[in-house]
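Heads up, final.tsv below (TSV, C-alpha atoms):
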```tsv
chain	number	residue	atom	x	y	z
A	1	MET	CA	106.92	113.52	108.59
A	2	ARG	CA	110.50	113.00	109.79
A	3	CYS	CA	111.53	115.11	112.79
A	4	ARG	CA	114.77	117.03	112.69
A	5	ARG	CA	117.14	116.62	115.59
A	6	ASP	CA	117.54	119.83	117.58
A	7	PRO	CA	121.29	120.31	118.13
A	8	LEU	CA	120.63	122.49	121.21
A	9	ARG	CA	118.41	119.97	123.00
A	10	HIS	CA	120.22	116.90	121.76
A	11	PRO	CA	123.92	117.73	121.35
A	12	PRO	CA	125.99	115.12	119.53
A	13	VAL	CA	127.79	112.57	121.63
A	14	ARG	CA	131.55	113.10	121.44
A	15	ALA	CA	134.15	110.48	122.14
A	16	HIS	CA	136.92	111.25	124.57
A	17	GLY	CA	140.01	112.67	122.88
A	18	PRO	CA	140.38	113.95	119.33
A	19	VAL	CA	138.22	112.44	116.67
A	20	ARG	CA	140.26	110.59	114.05
A	21	GLN	CA	139.27	111.38	110.49
A	22	GLU	CA	140.15	109.04	107.65
A	23	PRO	CA	141.74	110.73	104.63
A	24	VAL	CA	139.32	111.37	101.82
A	25	PRO	CA	140.63	110.49	98.35
A	26	ILE	CA	140.79	113.36	95.92
A	27	VAL	CA	138.63	112.53	92.95
A	28	ASP	CA	139.76	113.68	89.55
A	29	PRO	CA	136.78	115.56	88.02
A	30	VAL	CA	137.97	114.99	84.45
A	31	ARG	CA	139.16	111.39	84.45
A	32	SER	CA	136.97	110.26	87.39
A	33	ARG	CA	139.81	108.45	89.09
A	34	SER	CA	141.36	108.78	92.51
A	35	VAL	CA	144.78	110.37	92.84
A	36	PRO	CA	147.34	108.85	92.84
A	37	GLY	CA	147.20	106.12	90.21
A	38	PRO	CA	149.07	106.23	86.90
A	39	LEU	CA	147.20	105.60	83.67
A	40	ASP	CA	148.32	102.93	81.22
A	41	PRO	CA	149.56	104.31	77.85
A	42	ALA	CA	146.31	103.66	75.98
A	43	ALA	CA	144.20	105.41	78.61
A	44	ALA	CA	146.73	108.23	78.88
A	45	LEU	CA	146.62	108.81	75.13
A	46	ALA	CA	142.81	108.80	75.21
A	47	GLU	CA	142.91	111.47	77.92
A	48	LEU	CA	145.25	113.64	75.86
A	49	ARG	CA	142.95	113.32	72.85
A	50	ALA	CA	139.93	114.26	74.92
A	51	GLY	CA	141.71	117.21	76.50
A	52	ASN	CA	142.89	118.54	73.17
A	53	ALA	CA	139.39	118.20	71.73
A	54	ARG	CA	138.14	120.41	74.57
A	55	CYS	CA	140.94	122.91	73.91
A	56	ALA	CA	140.26	123.10	70.17
A	57	ALA	CA	136.52	123.57	70.79
A	58	LEU	CA	137.22	126.24	73.43
A	59	ARG	CA	135.43	124.13	76.01
A	60	GLN	CA	138.31	123.75	78.43
A	61	GLN	CA	137.64	122.48	81.91
A	62	TYR	CA	140.96	123.76	83.33
A	63	PRO	CA	141.23	120.81	85.73
A	64	HIS	CA	143.53	120.46	88.72
A	65	GLN	CA	144.15	124.13	89.31
A	66	ASP	CA	142.48	124.60	92.68
A	67	ALA	CA	143.79	124.61	96.24
A	68	ALA	CA	142.85	120.97	96.85
A	69	ARG	CA	144.87	119.80	93.86
A	70	ARG	CA	147.82	121.96	94.84
A	71	ALA	CA	147.80	120.43	98.31
A	72	ALA	CA	147.54	116.91	96.90
A	73	VAL	CA	150.49	117.19	94.53
A	74	ALA	CA	152.64	119.14	96.96
A	75	VAL	CA	153.64	115.90	98.67
A	76	SER	CA	153.67	113.51	95.69
A	77	GLN	CA	152.97	113.37	91.98
A	78	GLN	CA	151.55	110.87	89.52
A	79	PRO	CA	151.70	112.43	86.05
A	80	PHE	CA	150.23	110.27	83.32
A	81	ALA	CA	152.16	111.39	80.21
A	82	THR	CA	155.47	112.93	79.17
A	83	VAL	CA	155.35	115.51	76.39
A	84	ILE	CA	158.57	116.38	74.57
A	85	GLY	CA	157.63	119.70	73.06
A	86	CYS	CA	159.06	122.87	71.59
A	87	ILE	CA	159.85	125.97	73.64
A	88	ASP	CA	157.40	127.94	71.49
A	89	SER	CA	155.20	130.11	73.71
A	90	ARG	CA	152.11	129.11	71.75
A	91	VAL	CA	152.42	125.41	72.53
A	92	PRO	CA	152.31	124.89	76.32
A	93	PRO	CA	151.37	121.21	76.85
A	94	GLU	CA	149.02	121.79	79.78
A	95	LEU	CA	146.93	124.21	77.73
A	96	VAL	CA	147.10	122.22	74.49
A	97	PHE	CA	145.78	119.13	76.30
A	98	ASP	CA	143.62	120.91	78.91
A	99	GLN	CA	145.44	119.51	81.92
A	100	GLY	CA	146.60	120.92	85.25
A	101	LEU	CA	149.00	120.58	88.15
A	102	GLY	CA	150.71	117.22	88.35
A	103	ASP	CA	149.21	115.80	85.14
A	104	LEU	CA	152.05	116.08	82.63
A	105	ILE	CA	155.81	115.94	82.52
A	106	GLY	CA	156.83	118.67	80.10
A	107	VAL	CA	160.30	118.46	78.55
A	108	ARG	CA	160.79	121.34	76.14
A	109	SER	CA	163.61	122.28	73.80
A	110	ALA	CA	163.63	124.24	70.54
A	111	GLY	CA	162.33	121.95	67.82
A	112	GLN	CA	162.27	119.00	70.24
A	113	ALA	CA	166.06	118.85	69.86
A	114	LEU	CA	167.46	115.90	71.77
A	115	ASP	CA	170.51	116.03	74.00
A	116	GLU	CA	171.56	114.10	77.09
A	117	ALA	CA	169.67	116.42	79.43
A	118	VAL	CA	166.43	115.91	77.49
A	119	LEU	CA	166.93	112.16	77.28
A	120	GLY	CA	167.80	111.95	80.96
A	121	SER	CA	164.69	113.92	81.89
A	122	VAL	CA	162.44	111.61	79.88
A	123	GLN	CA	164.12	108.54	81.34
A	124	PHE	CA	163.67	109.93	84.86
A	125	ALA	CA	159.94	110.31	84.23
A	126	LEU	CA	159.73	106.73	82.99
A	127	GLU	CA	161.84	105.04	85.65
A	128	GLU	CA	161.10	107.12	88.73
A	129	LEU	CA	157.52	108.26	88.07
A	130	HIS	CA	156.41	105.32	85.88
A	131	VAL	CA	155.14	107.57	83.09
A	132	ARG	CA	154.87	105.13	80.19
A	133	LEU	CA	153.41	107.38	77.49
A	134	ILE	CA	155.85	109.68	75.67
A	135	VAL	CA	154.47	112.15	73.12
A	136	VAL	CA	156.82	114.00	70.75
A	137	LEU	CA	154.88	117.18	69.94
A	138	GLY	CA	155.88	119.26	66.94
A	139	HIS	CA	153.91	122.25	65.76
A	140	GLU	CA	153.01	124.41	62.81
A	141	ARG	CA	155.33	127.29	61.85
A	142	CYS	CA	158.20	126.11	64.04
A	143	GLY	CA	160.97	128.69	64.18
A	144	ALA	CA	163.64	126.08	64.93
A	145	ALA	CA	162.61	124.10	61.85
A	146	ALA	CA	162.72	127.29	59.78
A	147	ALA	CA	166.25	127.99	61.04
A	148	ALA	CA	167.33	124.48	60.04
A	149	VAL	CA	165.80	124.90	56.59
A	150	GLU	CA	167.59	128.23	56.12
A	151	HIS	CA	170.90	126.67	57.17
A	152	VAL	CA	170.51	123.78	54.73
A	153	ARG	CA	169.36	126.10	51.94
A	154	THR	CA	172.16	128.66	52.26
A	155	GLY	CA	174.96	126.77	53.93
A	156	TYR	CA	175.60	129.73	56.20
A	157	PRO	CA	177.03	128.84	59.62
A	158	VAL	CA	174.90	129.22	62.74
A	159	GLU	CA	176.45	131.07	65.64
A	160	GLY	CA	176.34	130.44	69.35
A	161	HIS	CA	174.37	127.76	71.16
A	162	ILE	CA	171.68	127.77	68.46
A	163	GLU	CA	174.08	125.76	66.33
A	164	ARG	CA	173.35	122.69	68.46
A	165	VAL	CA	169.62	123.02	67.82
A	166	VAL	CA	170.05	123.47	64.08
A	167	GLU	CA	172.38	120.46	63.92
A	168	GLU	CA	169.66	118.32	65.47
A	169	LEU	CA	167.00	119.44	62.99
A	170	ALA	CA	169.19	119.66	59.88
A	171	PRO	CA	168.84	115.94	58.97
A	172	ALA	CA	165.05	116.36	58.76
A	173	ALA	CA	165.49	119.47	56.62
A	174	ARG	CA	167.86	117.67	54.25
A	175	ALA	CA	165.58	114.65	53.98
A	176	THR	CA	162.62	116.79	52.91
A	177	ARG	CA	164.42	119.28	50.68
A	178	HIS	CA	162.97	118.02	47.41
A	179	LEU	CA	159.52	117.03	48.63
A	180	PRO	CA	156.47	118.91	47.34
A	181	GLY	CA	154.78	121.34	49.67
A	182	ASP	CA	156.10	123.67	52.34
A	183	TRP	CA	159.68	122.83	53.25
A	184	VAL	CA	159.41	124.00	56.85
A	185	GLU	CA	156.19	122.07	57.41
A	186	ASN	CA	157.72	118.95	55.90
A	187	THR	CA	160.73	119.41	58.18
A	188	VAL	CA	158.50	119.64	61.25
A	189	ARG	CA	156.78	116.37	60.42
A	190	ALA	CA	160.01	114.60	59.48
A	191	ASN	CA	161.71	115.78	62.65
A	192	VAL	CA	158.90	114.45	64.85
A	193	ASP	CA	159.17	111.08	63.13
A	194	ARG	CA	162.96	111.14	63.48
A	195	VAL	CA	162.87	111.91	67.20
A	196	THR	CA	160.19	109.27	67.74
A	197	ARG	CA	162.29	106.63	65.98
A	198	ARG	CA	165.40	107.57	67.97
A	199	LEU	CA	163.55	107.13	71.23
A	200	ALA	CA	162.03	103.84	70.08
A	201	ARG	CA	165.49	102.45	69.30
A	202	ASP	CA	166.84	103.45	72.71
A	203	ALA	CA	166.78	100.59	75.22
A	204	ALA	CA	166.14	103.08	78.02
A	205	PHE	CA	162.61	103.59	76.69
A	206	ALA	CA	161.74	100.00	75.86
A	207	ASP	CA	158.87	99.99	78.38
A	208	ALA	CA	157.26	103.15	77.01
A	209	ARG	CA	154.79	103.82	74.26
A	210	ILE	CA	156.16	106.60	72.05
A	211	VAL	CA	153.83	108.62	69.83
A	212	GLY	CA	154.51	111.51	67.48
A	213	ALA	CA	152.10	114.42	67.09
A	214	ARG	CA	151.70	117.84	65.47
A	215	PHE	CA	149.87	120.86	66.88
A	216	ASP	CA	148.03	123.15	64.47
A	217	LEU	CA	148.29	126.74	65.66
A	218	ASP	CA	145.27	127.83	63.62
A	219	THR	CA	142.77	125.22	64.74
A	220	GLY	CA	144.20	124.18	68.11
A	221	MET	CA	144.01	120.53	67.06
A	222	VAL	CA	146.70	117.92	67.66
A	223	ALA	CA	147.09	115.27	64.96
A	224	PHE	CA	148.74	112.12	66.29
A	225	HIS	CA	151.00	110.28	63.88
A	226	PRO	CA	150.26	106.61	63.24
A	227	ALA	CA	151.92	104.53	65.94
```
Just dump the structure as structure tokens.
Amino acid sequence: MRCRRDPLRHPPVRAHGPVRQEPVPIVDPVRSRSVPGPLDPAAALAELRAGNARCAALRQQYPHQDAARRAAVAVSQQPFATVIGCIDSRVPPELVFDQGLGDLIGVRSAGQALDEAVLGSVQFALEELHVRLIVVLGHERCGAAAAAVEHVRTGYPVEGHIERVVEELAPAARATRHLPGDWVENTVRANVDRVTRRLARDAAFADARIVGARFDLDTGMVAFHPA
């Protein structure tokens, strides 16, 4: 039988002066990796797939939302993917992919409409934070796509700042006008492909892997387009 040391009779020996403690790495409970440390695009995409599978199955782990994670990312960040998504309230990237603080760069505009601010934000993530996976995330029943379809169908002008959004999505609406199936849905898919191709042709994103995807509001599943 092993005897326990009595702390009253045998107090621990203390060194003179404060005891130096080495920092303990924060271990990621989901990806089992220490923070920081960016993921390569293939591993990052695998993590997004796994996170979305948890979300769709309602088995979320809600990682990186505790005090320890907040303290860790308060001084630095190492996100592993950039998601260019829609402003739609039903498609927040962290929930869609079951991620938490410091995991994703979210760049959101109606219908994933591109402008210089969006492009500059994505480039900043790539160059300054070394985030090499870019996902263009469209979604079912997109209101911006529906507005573009209505504009192309009727020819009526669009007022205010929304005009800029509709102008960005109108080429996808025109390209799918005579395709079978739902026009808005076809516009969503065509717009994701169009944005993905535009990014791929831009020299600023030559070092990134760019993937298109669509989120199904009914099932919670993300379908990634063929790369």
Could you give me, as a tab-separated table, a per-residue list for region 49-81 of chain A showing, wherever an atom lies at most 9 Å from an atom of region 100-104 of chain A, the closest pair of atoms and their distance in Å to one decimal, using all atoms listed in the file and sorting by chain then residue number from low to high?
```
residue	atom	partner	partner_atom	distance
A:Tyr62	CA	A:Gly100	CA	6.6
A:Pro63	CA	A:Gly100	CA	5.4
A:His64	CA	A:Gly100	CA	4.7
A:Gln65	CA	A:Gly100	CA	5.7
A:Asp66	CA	A:Leu101	CA	8.9
A:Arg69	CA	A:Leu101	CA	7.1
A:Arg70	CA	A:Leu101	CA	6.9
A:Val73	CA	A:Gly102	CA	6.2
A:Ser76	CA	A:Gly102	CA	8.7
A:Gln77	CA	A:Gly102	CA	5.8
A:Gln78	CA	A:Gly102	CA	6.5
A:Pro79	CA	A:Asp103	CA	4.3
A:Phe80	CA	A:Asp103	CA	5.9
A:Ala81	CA	A:Leu104	CA	5.3
```
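One distance worth recording is that between CA of Val118 (chain A) and CA of Arg201 (chain A), which is 15.8 Å.
CA of Met221 (chain A) is found 15.0 Å from CA of Gln99 (chain A).
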Dump as a PyMOL selection string all residues having an atom at most 10 Å from (154.3, 103.7, 81.1), computed in the file's coordinates with only C-alpha atoms.
chain A and resi 38-42+44+80-82+125-127+129-134+205-210
When you draw a straight line from CA of Cys55 (chain A) to CA of Asp218 (chain A), how long is it in Å?
12.2 Å
Which residues are near Leu114 (chain A)? Cut-off 9 Å, only C-alpha atoms, ignore same chain within fewer than 4 positions. Put them as a PyMOL selection string.
chain A and resi 109+118-119+165+168+195
Would you mind exporting C-alpha atoms of the selected residues as a compact mmCIF listing (two decimals), in the frame of the given file?
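out-v4.txt written:
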```txt
# COMPACT_ATOMS: atom_id res chain seq x y z
CA SER A 109 163.61 122.28 73.80
CA VAL A 118 166.43 115.91 77.49
CA LEU A 119 166.93 112.16 77.28
CA VAL A 165 169.62 123.02 67.82
CA GLU A 168 169.66 118.32 65.47
CA VAL A 195 162.87 111.91 67.20
```
Given the point (164.9, 126.1, 62.6) in the file's coordinates, find the residues that have an atom at most 9 Å from it, counting only C-alpha atoms, and give them as a count of residues only.
18
Mind rebuilding region 167-188 of chain A with N, CA, C and O atoms and writing that out as an mmCIF file, keeping the file's coordinate frame?
```cif
data_model
loop_
_atom_site.group_PDB
_atom_site.id
_atom_site.type_symbol
_atom_site.label_atom_id
_atom_site.label_comp_id
_atom_site.auth_asym_id
_atom_site.auth_seq_id
_atom_site.Cartn_x
_atom_site.Cartn_y
_atom_site.Cartn_z
ATOM 1 N N GLU A 167 171.758 121.740 64.261
ATOM 2 C CA GLU A 167 172.380 120.460 63.920
ATOM 3 C C GLU A 167 171.422 119.297 64.142
ATOM 4 O O GLU A 167 171.406 118.330 63.375
ATOM 5 N N GLU A 168 170.604 119.387 65.172
ATOM 6 C CA GLU A 168 169.660 118.320 65.470
ATOM 7 C C GLU A 168 168.524 118.254 64.440
ATOM 8 O O GLU A 168 168.025 117.166 64.131
ATOM 9 N N LEU A 169 168.115 119.413 63.929
ATOM 10 C CA LEU A 169 167.000 119.440 62.990
ATOM 11 C C LEU A 169 167.438 119.378 61.526
ATOM 12 O O LEU A 169 166.611 119.113 60.641
ATOM 13 N N ALA A 170 168.716 119.616 61.258
ATOM 14 C CA ALA A 170 169.190 119.660 59.880
ATOM 15 C C ALA A 170 168.951 118.346 59.120
ATOM 16 O O ALA A 170 168.599 118.398 57.933
ATOM 17 N N PRO A 171 169.113 117.163 59.724
ATOM 18 C CA PRO A 171 168.840 115.940 58.970
ATOM 19 C C PRO A 171 167.402 115.870 58.448
ATOM 20 O O PRO A 171 167.174 115.405 57.321
ATOM 21 N N ALA A 172 166.445 116.343 59.221
ATOM 22 C CA ALA A 172 165.050 116.360 58.760
ATOM 23 C C ALA A 172 164.878 117.349 57.623
ATOM 24 O O ALA A 172 164.128 117.102 56.663
ATOM 25 N N ALA A 173 165.576 118.476 57.698
ATOM 26 C CA ALA A 173 165.490 119.470 56.620
ATOM 27 C C ALA A 173 166.102 118.923 55.335
ATOM 28 O O ALA A 173 165.547 119.111 54.240
ATOM 29 N N ARG A 174 167.225 118.236 55.446
ATOM 30 C CA ARG A 174 167.860 117.670 54.250
ATOM 31 C C ARG A 174 167.002 116.573 53.631
ATOM 32 O O ARG A 174 166.898 116.471 52.397
ATOM 33 N N ALA A 175 166.382 115.768 54.480
ATOM 34 C CA ALA A 175 165.580 114.650 53.980
ATOM 35 C C ALA A 175 164.337 115.101 53.231
ATOM 36 O O ALA A 175 163.790 114.366 52.413
ATOM 37 N N THR A 176 163.875 116.313 53.511
ATOM 38 C CA THR A 176 162.620 116.790 52.910
ATOM 39 C C THR A 176 162.845 117.900 51.878
ATOM 40 O O THR A 176 161.886 118.508 51.402
ATOM 41 N N ARG A 177 164.087 118.138 51.532
ATOM 42 C CA ARG A 177 164.420 119.280 50.680
ATOM 43 C C ARG A 177 163.689 119.252 49.339
ATOM 44 O O ARG A 177 163.249 120.293 48.840
ATOM 45 N N HIS A 178 163.546 118.102 48.746
ATOM 46 C CA HIS A 178 162.970 118.020 47.410
ATOM 47 C C HIS A 178 161.528 117.503 47.411
ATOM 48 O O HIS A 178 161.000 117.166 46.346
ATOM 49 N N LEU A 179 160.906 117.466 48.572
ATOM 50 C CA LEU A 179 159.520 117.030 48.630
ATOM 51 C C LEU A 179 158.587 118.169 48.226
ATOM 52 O O LEU A 179 158.900 119.350 48.433
ATOM 53 N N PRO A 180 157.437 117.847 47.659
ATOM 54 C CA PRO A 180 156.470 118.910 47.340
ATOM 55 C C PRO A 180 155.880 119.492 48.617
ATOM 56 O O PRO A 180 155.861 118.846 49.661
ATOM 57 N N GLY A 181 155.403 120.710 48.519
ATOM 58 C CA GLY A 181 154.780 121.340 49.670
ATOM 59 C C GLY A 181 155.740 122.268 50.388
ATOM 60 O O GLY A 181 156.837 122.583 49.914
ATOM 61 N N ASP A 182 155.313 122.728 51.549
ATOM 62 C CA ASP A 182 156.100 123.670 52.340
ATOM 63 C C ASP A 182 157.284 122.965 52.992
ATOM 64 O O ASP A 182 157.107 121.984 53.722
ATOM 65 N N TRP A 183 158.470 123.478 52.754
ATOM 66 C CA TRP A 183 159.680 122.830 53.250
ATOM 67 C C TRP A 183 159.740 122.824 54.780
ATOM 68 O O TRP A 183 160.095 121.828 55.406
ATOM 69 N N VAL A 184 159.377 123.934 55.387
ATOM 70 C CA VAL A 184 159.410 124.000 56.850
ATOM 71 C C VAL A 184 158.408 123.021 57.456
ATOM 72 O O VAL A 184 158.715 122.295 58.408
ATOM 73 N N GLU A 185 157.205 122.992 56.906
ATOM 74 C CA GLU A 185 156.190 122.070 57.410
ATOM 75 C C GLU A 185 156.642 120.624 57.247
ATOM 76 O O GLU A 185 156.464 119.795 58.158
ATOM 77 N N ASN A 186 157.221 120.308 56.102
ATOM 78 C CA ASN A 186 157.720 118.950 55.900
ATOM 79 C C ASN A 186 158.841 118.617 56.883
ATOM 80 O O ASN A 186 158.959 117.475 57.350
ATOM 81 N N THR A 187 159.654 119.609 57.204
ATOM 82 C CA THR A 187 160.730 119.410 58.180
ATOM 83 C C THR A 187 160.178 119.138 59.565
ATOM 84 O O THR A 187 160.683 118.279 60.299
ATOM 85 N N VAL A 188 159.135 119.866 59.937
ATOM 86 C CA VAL A 188 158.500 119.640 61.250
ATOM 87 C C VAL A 188 158.024 118.201 61.371
ATOM 88 O O VAL A 188 158.307 117.519 62.365
#
```
